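A.B. asks: Handing over work-v9.cif, mmCIF, C-alpha atoms.
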data_coords
#
loop_
_atom_site.label_atom_id
_atom_site.label_comp_id
_atom_site.auth_asym_id
_atom_site.auth_seq_id
_atom_site.Cartn_x
_atom_site.Cartn_y
_atom_site.Cartn_z
CA VAL A 78 -40.14 -56.50 -29.28
CA PHE A 79 -41.88 -55.55 -26.02
CA LEU A 80 -45.64 -55.82 -25.67
CA PHE A 81 -47.03 -54.82 -22.30
CA ALA A 82 -50.34 -55.36 -20.45
CA THR A 83 -50.93 -53.94 -16.98
CA VAL A 84 -53.34 -52.65 -14.38
CA GLY A 85 -57.04 -53.53 -14.53
CA THR A 86 -59.98 -51.83 -12.89
CA PHE A 87 -61.67 -54.89 -11.37
CA ALA A 88 -60.52 -57.81 -9.24
CA GLN A 89 -60.55 -61.35 -10.61
CA ASP A 90 -59.01 -64.58 -9.36
CA GLY A 91 -55.99 -66.13 -11.01
CA TYR A 92 -55.08 -65.32 -14.57
CA LYS A 93 -56.65 -65.95 -17.97
CA ILE A 94 -54.89 -64.69 -21.09
CA LYS A 95 -56.27 -65.55 -24.52
CA VAL A 96 -53.64 -65.33 -27.24
CA THR A 97 -54.29 -65.33 -30.97
CA LEU A 98 -50.99 -65.63 -32.77
CA LYS A 99 -51.01 -66.01 -36.54
CA PRO A 100 -49.95 -67.89 -38.60
CA PHE A 101 -49.60 -70.78 -36.07
CA SER A 102 -52.47 -73.31 -36.08
CA SER A 103 -50.87 -76.30 -34.33
CA GLY A 104 -48.31 -77.13 -31.67
CA TYR A 105 -47.95 -75.32 -28.37
CA LEU A 106 -47.49 -71.75 -27.22
CA TYR A 107 -45.45 -71.21 -24.08
CA LEU A 108 -45.76 -68.55 -21.39
CA GLY A 109 -42.52 -67.46 -19.76
CA HIS A 110 -41.07 -64.56 -17.86
CA HIS A 111 -37.78 -62.82 -17.28
CA PHE A 112 -36.02 -63.27 -13.95
CA GLY A 113 -32.90 -61.14 -13.87
CA GLY A 114 -30.77 -62.19 -16.80
CA LYS A 115 -32.58 -65.49 -17.32
CA GLN A 116 -35.95 -66.57 -18.69
CA TYR A 117 -38.26 -69.27 -17.38
CA ILE A 118 -41.24 -71.05 -18.99
CA ILE A 119 -44.16 -71.40 -16.58
CA ASP A 120 -47.06 -72.60 -18.76
CA SER A 121 -47.85 -74.21 -22.12
CA VAL A 122 -51.09 -74.50 -24.09
CA ALA A 123 -52.05 -76.22 -27.37
CA ILE A 124 -52.96 -73.95 -30.29
CA ASN A 125 -56.24 -74.57 -32.08
CA GLN A 126 -56.91 -74.19 -35.81
CA LYS A 127 -57.94 -70.58 -35.26
CA SER A 128 -54.44 -69.77 -33.95
CA GLU A 129 -55.82 -69.43 -30.42
CA ALA A 130 -54.46 -70.54 -27.06
CA VAL A 131 -55.63 -69.66 -23.54
CA PHE A 132 -53.21 -69.49 -20.62
CA SER A 133 -54.96 -69.76 -17.26
CA GLY A 134 -54.25 -70.55 -13.62
CA LYS A 135 -55.85 -70.27 -10.20
CA GLU A 136 -53.07 -68.14 -8.72
CA LYS A 137 -52.27 -64.63 -9.90
CA LEU A 138 -48.96 -64.17 -11.69
CA PHE A 139 -46.22 -61.99 -10.27
CA GLY A 140 -45.98 -58.68 -12.08
CA GLY A 141 -43.30 -58.29 -14.72
CA VAL A 142 -42.31 -58.80 -18.34
CA TYR A 143 -43.75 -62.04 -19.70
CA MET A 144 -43.13 -63.76 -23.01
CA VAL A 145 -45.43 -65.65 -25.36
CA ILE A 146 -43.01 -68.09 -26.99
CA PHE A 147 -43.51 -69.58 -30.45
CA PRO A 148 -44.08 -73.35 -30.92
CA LYS A 149 -40.48 -74.07 -32.00
CA LYS A 150 -39.14 -71.73 -29.29
CA ASN A 151 -37.41 -69.73 -32.00
CA GLY A 152 -39.06 -66.42 -31.19
CA TRP A 153 -41.49 -64.66 -28.88
CA PHE A 154 -43.28 -61.44 -28.12
CA GLU A 155 -43.47 -59.80 -24.72
CA MET A 156 -46.19 -58.24 -22.60
CA LEU A 157 -46.34 -56.71 -19.19
CA ILE A 158 -48.49 -58.50 -16.65
CA ASP A 159 -49.45 -56.63 -13.53
CA ARG A 160 -52.70 -56.36 -11.54
CA GLN A 161 -54.87 -56.92 -14.62
CA GLN A 162 -54.52 -60.58 -15.60
CA HIS A 163 -57.69 -61.31 -17.59
CA PHE A 164 -57.34 -60.03 -21.15
CA GLU A 165 -56.96 -61.01 -24.80
CA VAL A 166 -54.14 -60.27 -27.19
CA SER A 167 -53.94 -60.94 -30.92
CA THR A 168 -51.03 -60.38 -33.26
CA ASP A 169 -49.21 -61.69 -36.30
CA THR A 170 -45.55 -62.63 -36.54
CA THR A 171 -45.25 -60.64 -39.78
CA ASP A 172 -45.65 -57.38 -37.83
CA ILE A 173 -45.77 -57.79 -34.07
CA ILE A 174 -45.85 -54.08 -33.25
CA GLY A 175 -48.19 -52.89 -35.97
CA ARG A 176 -50.75 -55.72 -35.75
CA THR A 177 -50.99 -56.29 -31.99
CA GLN A 178 -54.37 -55.59 -30.41
CA PHE A 179 -55.45 -55.96 -26.78
CA VAL A 180 -58.94 -56.38 -25.36
CA HIS A 181 -59.65 -55.42 -21.73
CA SER A 182 -56.18 -53.92 -21.45
CA PRO A 183 -56.42 -50.12 -21.90
CA ASP A 184 -52.98 -49.61 -20.40
CA ASN A 185 -51.52 -51.59 -23.28
CA GLN A 186 -53.00 -49.11 -25.73
CA LEU A 187 -50.79 -46.51 -24.07
CA PHE A 188 -47.84 -48.75 -24.54
CA GLN A 189 -48.76 -49.43 -28.15
CA GLU A 190 -48.58 -45.69 -28.79
CA TYR A 191 -45.14 -45.59 -27.22
CA GLN A 192 -44.01 -48.71 -29.06
CA ILE A 193 -45.01 -47.31 -32.44
CA ILE A 194 -43.35 -43.97 -31.72
CA ALA A 195 -40.20 -45.71 -30.48
CA GLN A 196 -40.05 -47.90 -33.59
CA THR A 197 -40.58 -44.93 -35.93
CA LYS A 198 -37.95 -42.77 -34.29
CA GLY A 199 -35.59 -45.75 -34.02
CA LYS A 200 -35.76 -46.29 -37.76
CA SER A 201 -35.14 -42.58 -38.35
CA ILE A 202 -32.10 -42.61 -36.08
CA ALA A 203 -30.73 -45.73 -37.79
CA ALA A 204 -31.12 -44.04 -41.19
CA LEU A 205 -29.35 -40.92 -39.94
CA GLN A 206 -26.51 -43.00 -38.51
CA GLN A 207 -26.08 -44.60 -41.92
CA GLN A 208 -26.01 -41.14 -43.51
CA LEU A 209 -23.34 -40.19 -40.99
CA LYS A 210 -21.15 -43.03 -42.26
CA ASN A 211 -21.79 -42.19 -45.93
CA ASN A 212 -21.54 -38.41 -45.61
CA PRO A 213 -19.18 -37.47 -42.71
CA SER A 214 -18.79 -33.95 -44.08
CA ASP A 215 -22.29 -33.13 -42.77
CA ALA A 216 -21.66 -34.75 -39.38
CA ALA A 217 -22.77 -31.73 -37.35
CA GLY A 218 -26.14 -31.42 -39.08
CA ILE A 219 -26.88 -35.13 -38.97
CA GLN A 220 -25.83 -35.43 -35.34
CA SER A 221 -28.10 -32.56 -34.35
CA LYS A 222 -31.07 -34.39 -35.91
CA ILE A 223 -30.16 -37.58 -33.99
CA THR A 224 -29.89 -35.57 -30.77
CA LEU A 225 -33.31 -34.02 -31.40
CA LEU A 226 -34.96 -37.42 -31.96
CA ASN A 227 -33.39 -38.81 -28.78
CA ALA A 228 -34.58 -35.76 -26.86
CA GLU A 229 -38.13 -36.25 -28.17
CA MET A 230 -38.11 -39.86 -26.96
CA LEU A 231 -36.81 -38.80 -23.56
CA GLN A 232 -39.50 -36.13 -23.32
CA TYR A 233 -42.18 -38.68 -24.19
CA ARG A 234 -40.98 -40.96 -21.39
CA GLU A 235 -40.89 -38.10 -18.88
CA GLN A 236 -44.44 -37.06 -19.76
CA PHE A 237 -45.61 -40.68 -19.49
CA ILE A 238 -44.04 -40.99 -16.02
CA LYS A 239 -45.87 -37.87 -14.82
CA ALA A 240 -49.21 -39.00 -16.28
CA HIS A 241 -49.00 -42.65 -15.12
CA PRO A 242 -46.85 -42.82 -11.96
CA SER A 243 -47.90 -46.35 -10.89
CA HIS A 244 -47.74 -47.98 -14.33
CA LEU A 245 -45.27 -50.83 -14.78
CA LEU A 246 -43.97 -49.12 -17.88
CA THR A 247 -43.18 -46.10 -15.71
CA ALA A 248 -41.10 -48.31 -13.42
CA ILE A 249 -39.21 -49.59 -16.46
CA PHE A 250 -38.66 -46.05 -17.73
CA HIS A 251 -37.11 -45.15 -14.37
CA LEU A 252 -34.68 -48.03 -14.81
CA LEU A 253 -33.73 -46.78 -18.26
CA GLN A 254 -33.14 -43.21 -17.13
CA GLU A 255 -29.61 -41.85 -16.76
CA PRO A 256 -28.90 -39.24 -14.07
CA LYS A 257 -28.56 -35.73 -15.53
CA VAL A 258 -25.40 -34.24 -14.06
CA PRO A 259 -25.81 -30.44 -13.63
CA GLU A 260 -24.00 -28.10 -15.99
CA ALA A 261 -20.49 -27.02 -15.02
CA ALA A 262 -21.73 -23.62 -13.87
CA SER A 263 -23.62 -25.37 -11.05
CA HIS A 264 -20.54 -27.22 -9.80
CA PRO A 265 -18.56 -25.94 -6.78
CA GLY A 266 -16.60 -22.85 -7.82
CA GLY A 267 -18.62 -22.51 -11.00
CA LYS A 268 -16.44 -24.84 -13.07
CA TYR A 269 -16.54 -28.50 -13.95
CA ASP A 270 -15.59 -30.74 -11.03
CA SER A 271 -15.18 -34.44 -11.91
CA ALA A 272 -15.50 -35.52 -8.26
CA PHE A 273 -18.77 -33.60 -7.88
CA ALA A 274 -20.06 -35.02 -11.18
CA TYR A 275 -19.23 -38.57 -10.08
CA GLN A 276 -20.85 -38.20 -6.66
CA TYR A 277 -23.96 -36.64 -8.19
CA TYR A 278 -24.25 -39.44 -10.75
CA LYS A 279 -23.82 -42.13 -8.09
CA GLN A 280 -26.30 -40.54 -5.68
CA HIS A 281 -28.98 -40.19 -8.37
CA TYR A 282 -28.38 -43.51 -10.15
CA TRP A 283 -31.48 -45.12 -8.62
CA ASP A 284 -33.80 -42.10 -8.72
CA GLY A 285 -37.40 -43.22 -9.11
CA VAL A 286 -36.60 -46.90 -8.51
CA SER A 287 -38.24 -48.65 -5.56
CA PHE A 288 -36.52 -51.67 -4.02
CA THR A 289 -39.89 -52.89 -2.78
CA ASP A 290 -41.29 -53.13 -6.32
CA ASP A 291 -40.84 -56.84 -7.13
CA ARG A 292 -42.19 -56.29 -10.65
CA LEU A 293 -38.70 -55.07 -11.56
CA VAL A 294 -37.22 -58.49 -10.87
CA ARG A 295 -39.14 -59.89 -13.85
CA THR A 296 -37.89 -57.35 -16.36
CA PRO A 297 -34.84 -57.64 -18.62
CA VAL A 298 -33.52 -54.21 -17.59
CA PHE A 299 -33.23 -54.33 -13.78
CA GLU A 300 -30.43 -56.87 -13.49
CA PRO A 301 -28.13 -55.16 -16.04
CA LYS A 302 -28.60 -51.84 -14.22
CA LEU A 303 -27.79 -53.56 -10.93
CA GLN A 304 -24.65 -55.19 -12.33
CA ARG A 305 -23.50 -51.92 -13.90
CA TYR A 306 -23.92 -50.18 -10.55
CA PHE A 307 -21.71 -52.63 -8.69
CA ASN A 308 -19.21 -53.11 -11.55
CA ASN A 309 -18.79 -49.61 -12.93
CA VAL A 310 -20.41 -46.94 -10.79
CA LEU A 311 -19.12 -47.92 -7.34
CA GLN A 312 -15.45 -47.92 -6.44
CA GLN A 313 -14.29 -51.52 -6.22
CA GLN A 314 -13.43 -51.37 -2.53
CA PRO A 315 -15.09 -53.86 -0.14
CA ASP A 316 -16.26 -51.18 2.31
CA THR A 317 -17.95 -49.18 -0.47
CA LEU A 318 -19.60 -52.27 -1.95
CA ILE A 319 -20.75 -53.50 1.46
CA LYS A 320 -22.35 -50.15 2.32
CA ALA A 321 -24.23 -50.07 -0.98
CA ALA A 322 -25.37 -53.70 -0.72
CA ASN A 323 -26.62 -53.27 2.84
CA LYS A 324 -28.54 -50.10 2.00
CA MET A 325 -30.23 -51.80 -0.94
CA LEU A 326 -31.06 -55.04 0.88
CA ASP A 327 -32.34 -53.30 3.99
CA ALA A 328 -34.68 -51.26 1.80
CA ALA A 329 -35.94 -54.47 0.16
CA LEU A 330 -36.47 -56.52 3.34
CA SER A 331 -40.23 -55.95 3.39
CA ASN A 332 -40.63 -57.40 -0.13
CA LYS A 333 -39.72 -61.09 -0.16
CA GLU A 334 -39.35 -61.44 -3.92
CA MET A 335 -37.11 -58.39 -4.33
CA PHE A 336 -35.04 -59.26 -1.24
CA LYS A 337 -34.54 -62.83 -2.48
CA PHE A 338 -33.46 -61.63 -5.91
CA LEU A 339 -31.03 -59.00 -4.62
CA LEU A 340 -29.48 -61.25 -1.99
CA SER A 341 -29.07 -64.23 -4.31
CA THR A 342 -27.66 -62.03 -7.12
CA LEU A 343 -25.12 -60.33 -4.85
CA THR A 344 -24.22 -63.67 -3.25
CA GLU A 345 -23.50 -65.19 -6.64
CA LYS A 346 -21.43 -62.14 -7.53
CA TYR A 347 -19.21 -62.11 -4.44
CA ILE A 348 -19.09 -65.70 -3.21
CA ASN A 349 -16.18 -66.20 -5.64
CA PRO A 350 -15.39 -62.60 -6.60
CA LYS A 351 -13.49 -61.35 -9.60
CA TYR A 352 -11.20 -59.13 -7.54
CA MET A 353 -9.10 -60.03 -4.53
CA GLY A 354 -10.59 -58.94 -1.22
CA GLN A 355 -14.18 -58.62 -2.41
CA ASP A 356 -15.09 -61.87 -0.65
CA ALA A 357 -15.50 -59.53 2.35
CA VAL A 358 -18.76 -58.45 0.68
CA PHE A 359 -19.98 -62.05 0.72
CA VAL A 360 -18.98 -62.51 4.37
CA ASN A 361 -20.95 -59.37 5.21
CA LEU A 362 -24.01 -60.78 3.40
CA PHE A 363 -23.64 -64.02 5.34
CA GLU A 364 -23.28 -62.38 8.75
CA ARG A 365 -25.98 -59.75 8.20
CA TYR A 366 -28.66 -61.77 6.37
CA TYR A 367 -27.99 -65.51 6.14
CA ALA A 368 -26.73 -66.27 9.65
CA PRO A 369 -29.63 -64.44 11.43
CA GLY A 370 -32.13 -66.42 9.32
CA LYS A 371 -33.45 -63.57 7.17
CA ALA A 372 -33.16 -65.74 4.04
CA ASP A 373 -34.50 -68.98 5.53
CA TYR A 374 -37.88 -68.65 3.79
CA TRP A 375 -36.35 -69.38 0.38
CA LEU A 376 -33.17 -71.34 1.11
CA ASN A 377 -33.14 -75.01 0.16
CA ASP A 378 -30.73 -77.40 1.86
CA LYS A 379 -28.23 -77.48 -1.02
CA TYR A 380 -28.00 -73.71 -1.39
CA ARG A 381 -27.83 -73.23 2.36
CA LYS A 382 -24.92 -75.67 2.63
CA THR A 383 -23.09 -73.95 -0.21
CA VAL A 384 -23.45 -70.51 1.39
CA PHE A 385 -22.59 -71.59 4.93
CA ASP A 386 -19.64 -73.77 3.91
CA ARG A 387 -18.20 -71.02 1.75
CA ALA A 388 -18.63 -68.40 4.47
CA TYR A 389 -16.78 -70.54 6.99
CA SER A 390 -13.98 -71.03 4.44
CA VAL A 391 -13.33 -67.33 3.79
CA MET A 392 -14.31 -65.44 6.95
CA ALA A 393 -10.99 -66.34 8.65
CA ASN A 394 -8.77 -65.16 5.78
CA LEU A 395 -10.10 -61.77 4.71
CA ILE A 396 -7.64 -59.15 3.51
CA GLY A 397 -6.43 -57.08 6.47
CA GLU A 398 -7.27 -59.75 9.07
CA LYS A 399 -4.72 -61.58 11.20
CA ALA A 400 -3.62 -64.85 9.64
CA ALA A 401 -4.44 -67.89 11.74
CA ASP A 402 -1.48 -69.58 13.37
CA MET A 403 -0.67 -73.10 12.15
CA ASN A 404 0.62 -75.87 14.37
CA MET A 405 3.23 -77.42 12.06
CA VAL A 406 6.52 -79.30 12.28
CA ASP A 407 9.54 -79.20 9.98
CA SER A 408 11.05 -82.16 8.15
CA ALA A 409 12.88 -83.22 11.32
CA GLY A 410 9.73 -83.09 13.43
CA LYS A 411 10.64 -79.82 15.17
CA PRO A 412 7.64 -77.62 16.02
CA THR A 413 7.59 -74.69 13.58
CA PRO A 414 4.34 -72.76 13.94
CA LEU A 415 3.64 -69.88 11.56
CA TYR A 416 3.99 -67.30 14.32
CA SER A 417 7.54 -68.47 15.04
CA ILE A 418 8.64 -66.96 11.71
CA LYS A 419 9.95 -63.42 12.06
CA ALA A 420 10.27 -61.45 8.85
CA PRO A 421 9.06 -58.18 7.32
CA TYR A 422 7.05 -60.25 4.81
CA ILE A 423 6.05 -63.91 4.75
CA VAL A 424 4.83 -65.82 1.72
CA ILE A 425 2.78 -68.85 2.74
CA CYS A 426 2.82 -71.49 0.05
CA PHE A 427 0.41 -74.43 0.36
CA TRP A 428 1.60 -77.13 -2.04
CA ASP A 429 1.60 -80.83 -2.88
CA PRO A 430 4.70 -82.45 -4.45
CA THR A 431 2.49 -84.76 -6.55
CA CYS A 432 0.38 -81.91 -7.96
CA GLY A 433 1.15 -81.12 -11.61
CA HIS A 434 0.64 -77.36 -11.14
CA CYS A 435 2.89 -77.38 -8.08
CA GLN A 436 5.63 -79.29 -9.90
CA LYS A 437 5.71 -76.51 -12.49
CA GLU A 438 5.17 -73.45 -10.30
CA ILE A 439 7.11 -74.21 -7.11
CA PRO A 440 10.52 -74.06 -8.84
CA GLN A 441 9.46 -70.73 -10.41
CA LEU A 442 8.46 -69.44 -6.99
CA ASP A 443 11.81 -70.54 -5.57
CA SER A 444 13.65 -68.73 -8.37
CA LEU A 445 11.92 -65.47 -7.41
CA PHE A 446 12.72 -66.12 -3.77
CA GLN A 447 16.40 -66.89 -4.31
CA HIS A 448 17.14 -64.07 -6.76
CA ARG A 449 14.95 -61.24 -5.50
CA TRP A 450 12.93 -61.79 -2.35
CA LYS A 451 15.49 -63.30 0.02
CA GLN A 452 17.67 -60.18 -0.10
CA LYS A 453 14.69 -58.10 1.01
CA GLY A 454 14.01 -60.25 4.06
CA VAL A 455 11.07 -62.18 2.64
CA GLN A 456 10.56 -65.65 4.11
CA ILE A 457 8.65 -68.54 2.54
CA TYR A 458 6.58 -70.76 4.83
CA GLY A 459 5.98 -73.82 2.68
CA VAL A 460 3.14 -76.07 3.85
CA MET A 461 2.96 -79.60 2.44
CA THR A 462 -0.76 -80.34 2.16
CA ASP A 463 -0.79 -83.79 0.58
CA GLY A 464 1.42 -86.18 -1.37
CA GLY A 465 3.25 -87.90 1.46
CA LYS A 466 6.49 -87.13 3.28
CA PRO A 467 8.86 -89.17 1.01
CA ALA A 468 7.68 -87.43 -2.17
CA TRP A 469 7.83 -84.07 -0.37
CA LEU A 470 11.44 -84.53 0.80
CA ASN A 471 12.54 -85.83 -2.60
CA PHE A 472 11.08 -82.79 -4.36
CA ILE A 473 12.76 -80.40 -1.92
CA ARG A 474 16.15 -82.08 -2.45
CA GLU A 475 15.79 -82.45 -6.21
CA HIS A 476 14.86 -78.79 -6.74
CA ARG A 477 17.13 -77.45 -3.99
CA LEU A 478 14.44 -75.47 -2.24
CA LYS A 479 16.82 -73.93 0.27
CA GLY A 480 16.02 -71.20 2.76
CA TRP A 481 12.34 -72.10 3.02
CA SER A 482 10.62 -73.04 6.25
CA HIS A 483 9.35 -76.44 5.05
CA VAL A 484 6.56 -77.70 7.30
CA TYR A 485 3.65 -80.13 7.47
CA GLN A 486 0.97 -81.12 9.96
CA LEU A 487 1.30 -84.30 11.97
CA PRO A 488 -1.66 -86.67 11.50
CA GLU A 489 -2.30 -86.79 15.26
CA VAL A 490 -2.54 -82.97 15.37
CA ARG A 491 -4.99 -82.98 12.47
CA ASP A 492 -7.09 -85.68 14.15
CA ALA A 493 -7.10 -83.84 17.47
CA GLU A 494 -8.33 -80.64 15.79
CA TYR A 495 -11.10 -82.59 14.09
CA ALA A 496 -12.13 -84.33 17.31
CA SER A 497 -12.40 -81.01 19.15
CA ASN A 498 -14.43 -79.41 16.30
CA LYS A 499 -11.71 -76.87 15.58
CA PRO A 500 -11.32 -75.69 11.98
CA GLY A 501 -8.28 -77.11 10.24
CA TYR A 502 -5.76 -74.98 8.38
CA LYS A 503 -7.32 -75.91 5.03
CA GLN A 504 -10.59 -74.35 6.09
CA LEU A 505 -8.91 -71.38 7.77
CA TYR A 506 -6.96 -70.63 4.60
CA ASP A 507 -9.52 -71.86 2.05
CA VAL A 508 -7.08 -74.42 0.64
CA TYR A 509 -8.99 -76.83 -1.59
CA GLN A 510 -6.52 -76.86 -4.48
CA THR A 511 -2.80 -76.26 -4.82
CA PRO A 512 -0.67 -74.27 -5.00
CA VAL A 513 -2.18 -71.46 -2.90
CA LEU A 514 -0.12 -68.40 -1.99
CA TYR A 515 -0.69 -65.81 0.75
CA LEU A 516 1.33 -62.70 1.55
CA LEU A 517 1.59 -61.51 5.18
CA ASP A 518 3.24 -58.48 6.73
CA LYS A 519 5.50 -58.55 9.79
CA ASP A 520 2.47 -58.61 12.13
CA LYS A 521 0.96 -61.59 10.29
CA ASN A 522 -1.79 -59.47 8.72
CA ILE A 523 -3.02 -60.80 5.38
CA ILE A 524 -1.98 -58.41 2.61
CA ALA A 525 -2.94 -60.58 -0.36
CA LYS A 526 -4.13 -64.10 -1.06
CA LYS A 527 -4.71 -66.63 -3.82
CA LEU A 528 -1.78 -65.08 -5.70
CA SER A 529 -0.52 -66.44 -8.98
#
Translate the structure of the given file into structure tokens.

C.D. replies:
Amino acid sequence: VFLFATVGTFAQDGYKIKVTLKPFSSGYLYLGHHFGGKQYIIDSVAINQKSEAVFSGKEKLFGGVYMVIFPKKNGWFEMLIDRQQHFEVSTDTTDIIGRTQFVHSPDNQLFQEYQIIAQTKGKSIAALQQQLKNNPSDAAGIQSKITLLNAEMLQYREQFIKAHPSHLLTAIFHLLQEPKVPEAASHPGGKYDSAFAYQYYKQHYWDGVSFTDDRLVRTPVFEPKLQRYFNNVLQQQPDTLIKAANKMLDAALSNKEMFKFLLSTLTEKYINPKYMGQDAVFVNLFERYYAPGKADYWLNDKYRKTVFDRAYSVMANLIGEKAADMNMVDSAGKPTPLYSIKAPYIVICFWDPTCGHCQKEIPQLDSLFQHRWKQKGVQIYGVMTDGGKPAWLNFIREHRLKGWSHVYQLPEVRDAEYASNKPGYKQLYDVYQTPVLYLLDKDKNIIAKKLS
């Protein structure tokens, strides 16, 4: 249930919200707010015998959707807080929508009207949907009634937006809106064009939404719309995602709260991405916003270290980039750098003979190599990361790993790289577990990485 309170007509310091919530007459009420997909409690107040509690503070609250949470934290009702932050609200848990009243919050009366209409039409739609299940023979008639009710709700929202353009509820309605793709007759050539429809939908997805309106951050609907945009609307190609992220973040730069939310959300999404190659989006965020110091005002030391360390671990091994050469020797101590291997394709395998996963997967990898890949000119460059030389050689002999370029790094080479502040191969290839597989082409460009 959403209960909203917004803009006032006079300026007052801080916030003071008197809540009367029946039937509670003891314990504490809690004040919280949404932040993306999470909720945070920011205040708590004891309830008196009259079911009253007063939340107050010297600093104004950020605008957004706030929650009054019940004493046992087993329920809540919501209200919008915006410029007006001195008001009273009373309600009863037996009927939050029907029995809620606001004092000094005229904008909430507008929302109450909407809330009641939405609840009434929602019940009607639910009843019709049940009829549809029980009486499918009249599907067309029932569906037309559902369509009409949905259209009436949409019309109500559109009229509200026109009448109250700066209202927080209007901003939420914009988030809930779906782009209306033109009829087929308006498409190029006068017939339906799926490419045109997609481009239109994508270009109008954020119509009416301002990326400098930080009130949206504290609503439960902004973050899902954002995730849907990057997951389902945009093509899952790094260049497309980067362009969209940069456009959004650049628009939000002047609003610290919105910029912080967008950058942290996109960082969390792409620092360890779901799809191979999308770590390029994170590297772009690092180079464009973190490295120049545009996020310094909110970064703590722990988060900063996480971001910077991760960026340095992936920026050298992005898909399409040249793989870094590795100064290695073979089992006889002969120099065998990566770039000495000539083949149409090279599989780099970082592995440890004492690693349980490696002990299972390396023989499977060798089977693929011996029976399929070798004939096609594929070479395996096997890098022993840990485990010790004796265990490494024993494993190679025991499992007959023939035809590989088996290599490791001499300790003195590793120490020299460290002393000269050069990144080691584990950082260059983001090797912090084993096994790790890369695929390179003949020019040592990275085609794929972290393969199973």

A.B. asks: For atom CA of Ile524 of chain A and atom CA of Glu398 of chain A, determine how far apart the two atoms are, in Å to one decimal place.

C.D. replies: 8.5 Å

A.B. asks: Residues near Val166 of chain A, anyone? I mean within 6 Å using all atoms listed in the file, not counting same-chain ones fewer than 2 positions away, as a list in words.

C.D. replies: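 Counting only the stated atoms, we get Val96, Gln178 and Phe179 of chain A.
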
A.B. asks: Evaluate the PyMOL selection byres ((chain A and resi 381-391) around 12) on the structure here and hand back the selected residues as a PyMOL selection string.

C.D. replies: chain A and resi 340-341+344-345+347-350+353-370+372-380+392-396+398+400-401+499-509+526-527

A.B. asks: Could you build a table of the residues in segment 124-208 of chain A lying no more than 10 Å from segment 291-306 of chain A, giving for each the nearest pair of atoms and their separation in Å rounded to one decimal place, using all atoms listed in the file, ordered by chain and ascending residue number, as CSV?

C.D. replies:
residue,atom,partner,partner_atom,distance
A:Phe139,CA,A:Arg292,CA,7.0
A:Gly140,CA,A:Arg292,CA,4.7
A:Gly141,CA,A:Arg295,CA,4.5
A:Val142,CA,A:Thr296,CA,5.1
A:Tyr143,CA,A:Arg295,CA,7.8
A:Leu157,CA,A:Thr296,CA,8.9
A:Ile158,CA,A:Arg292,CA,9.0
A:Asp159,CA,A:Arg292,CA,7.8

A.B. asks: Evaluating the PyMOL selection byres ((chain A and resi 410-418) around 12) on the displayed file yields which residues, as a PyMOL selection string?

C.D. replies: chain A and resi 399-409+419-426+454-460+466+481-487+490+502+517-522

A.B. asks: Kindly resolve the PyMOL selection byres ((chain A and resi 250) around 10) on the present coordinates and return the residues as a list in words.

C.D. replies: Leu231, Arg234, Glu235, Phe237, Ile238, His244, Leu245, Leu246, Thr247, Ala248, Ile249, His251, Leu252, Leu253, Gln254, Gly285, Val286 and Val298 of chain A

A.B. asks: Using atom CA of Ser128 of chain A and atom CA of Ile194 of chain A as the two end points, give the distance in Å to one decimal.

C.D. replies: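 Value for the atom CA of Ser128 of chain A-atom CA of Ile194 of chain A distance: 28.2 Å.
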
A.B. asks: Select all residues near (10.8, -71.9, -6.0) (cut-off 10 Å, inclusive, file coordinates), counting all atoms listed in the file, and output them as a PDB file with C-alpha atoms, in the frame of the given file.

C.D. replies:
ATOM      1  CA  CYS A 435       2.890 -77.380  -8.080  1.00  0.00           C
ATOM      2  CA  GLN A 436       5.630 -79.290  -9.900  1.00  0.00           C
ATOM      3  CA  LYS A 437       5.710 -76.510 -12.490  1.00  0.00           C
ATOM      4  CA  GLU A 438       5.170 -73.450 -10.300  1.00  0.00           C
ATOM      5  CA  ILE A 439       7.110 -74.210  -7.110  1.00  0.00           C
ATOM      6  CA  PRO A 440      10.520 -74.060  -8.840  1.00  0.00           C
ATOM      7  CA  GLN A 441       9.460 -70.730 -10.410  1.00  0.00           C
ATOM      8  CA  LEU A 442       8.460 -69.440  -6.990  1.00  0.00           C
ATOM      9  CA  ASP A 443      11.810 -70.540  -5.570  1.00  0.00           C
ATOM     10  CA  SER A 444      13.650 -68.730  -8.370  1.00  0.00           C
ATOM     11  CA  LEU A 445      11.920 -65.470  -7.410  1.00  0.00           C
ATOM     12  CA  PHE A 446      12.720 -66.120  -3.770  1.00  0.00           C
ATOM     13  CA  GLN A 447      16.400 -66.890  -4.310  1.00  0.00           C
ATOM     14  CA  ILE A 457       8.650 -68.540   2.540  1.00  0.00           C
ATOM     15  CA  ILE A 473      12.760 -80.400  -1.920  1.00  0.00           C
ATOM     16  CA  HIS A 476      14.860 -78.790  -6.740  1.00  0.00           C
ATOM     17  CA  ARG A 477      17.130 -77.450  -3.990  1.00  0.00           C
ATOM     18  CA  LEU A 478      14.440 -75.470  -2.240  1.00  0.00           C
ATOM     19  CA  LYS A 479      16.820 -73.930   0.270  1.00  0.00           C
ATOM     20  CA  TRP A 481      12.340 -72.100   3.020  1.00  0.00           C
TER      21      TRP A 481
END

A.B. asks: Please report, as JSON, the centre and edge lengths in Å to one decimal of an axis-aligned box covering all listed atoms of segment 261-264 of chain A with 5 Å per side.

C.D. replies:
{"center_x": -22.1, "center_y": -25.4, "center_z": -12.4, "size_x": 13.1, "size_y": 13.6, "size_z": 15.2}
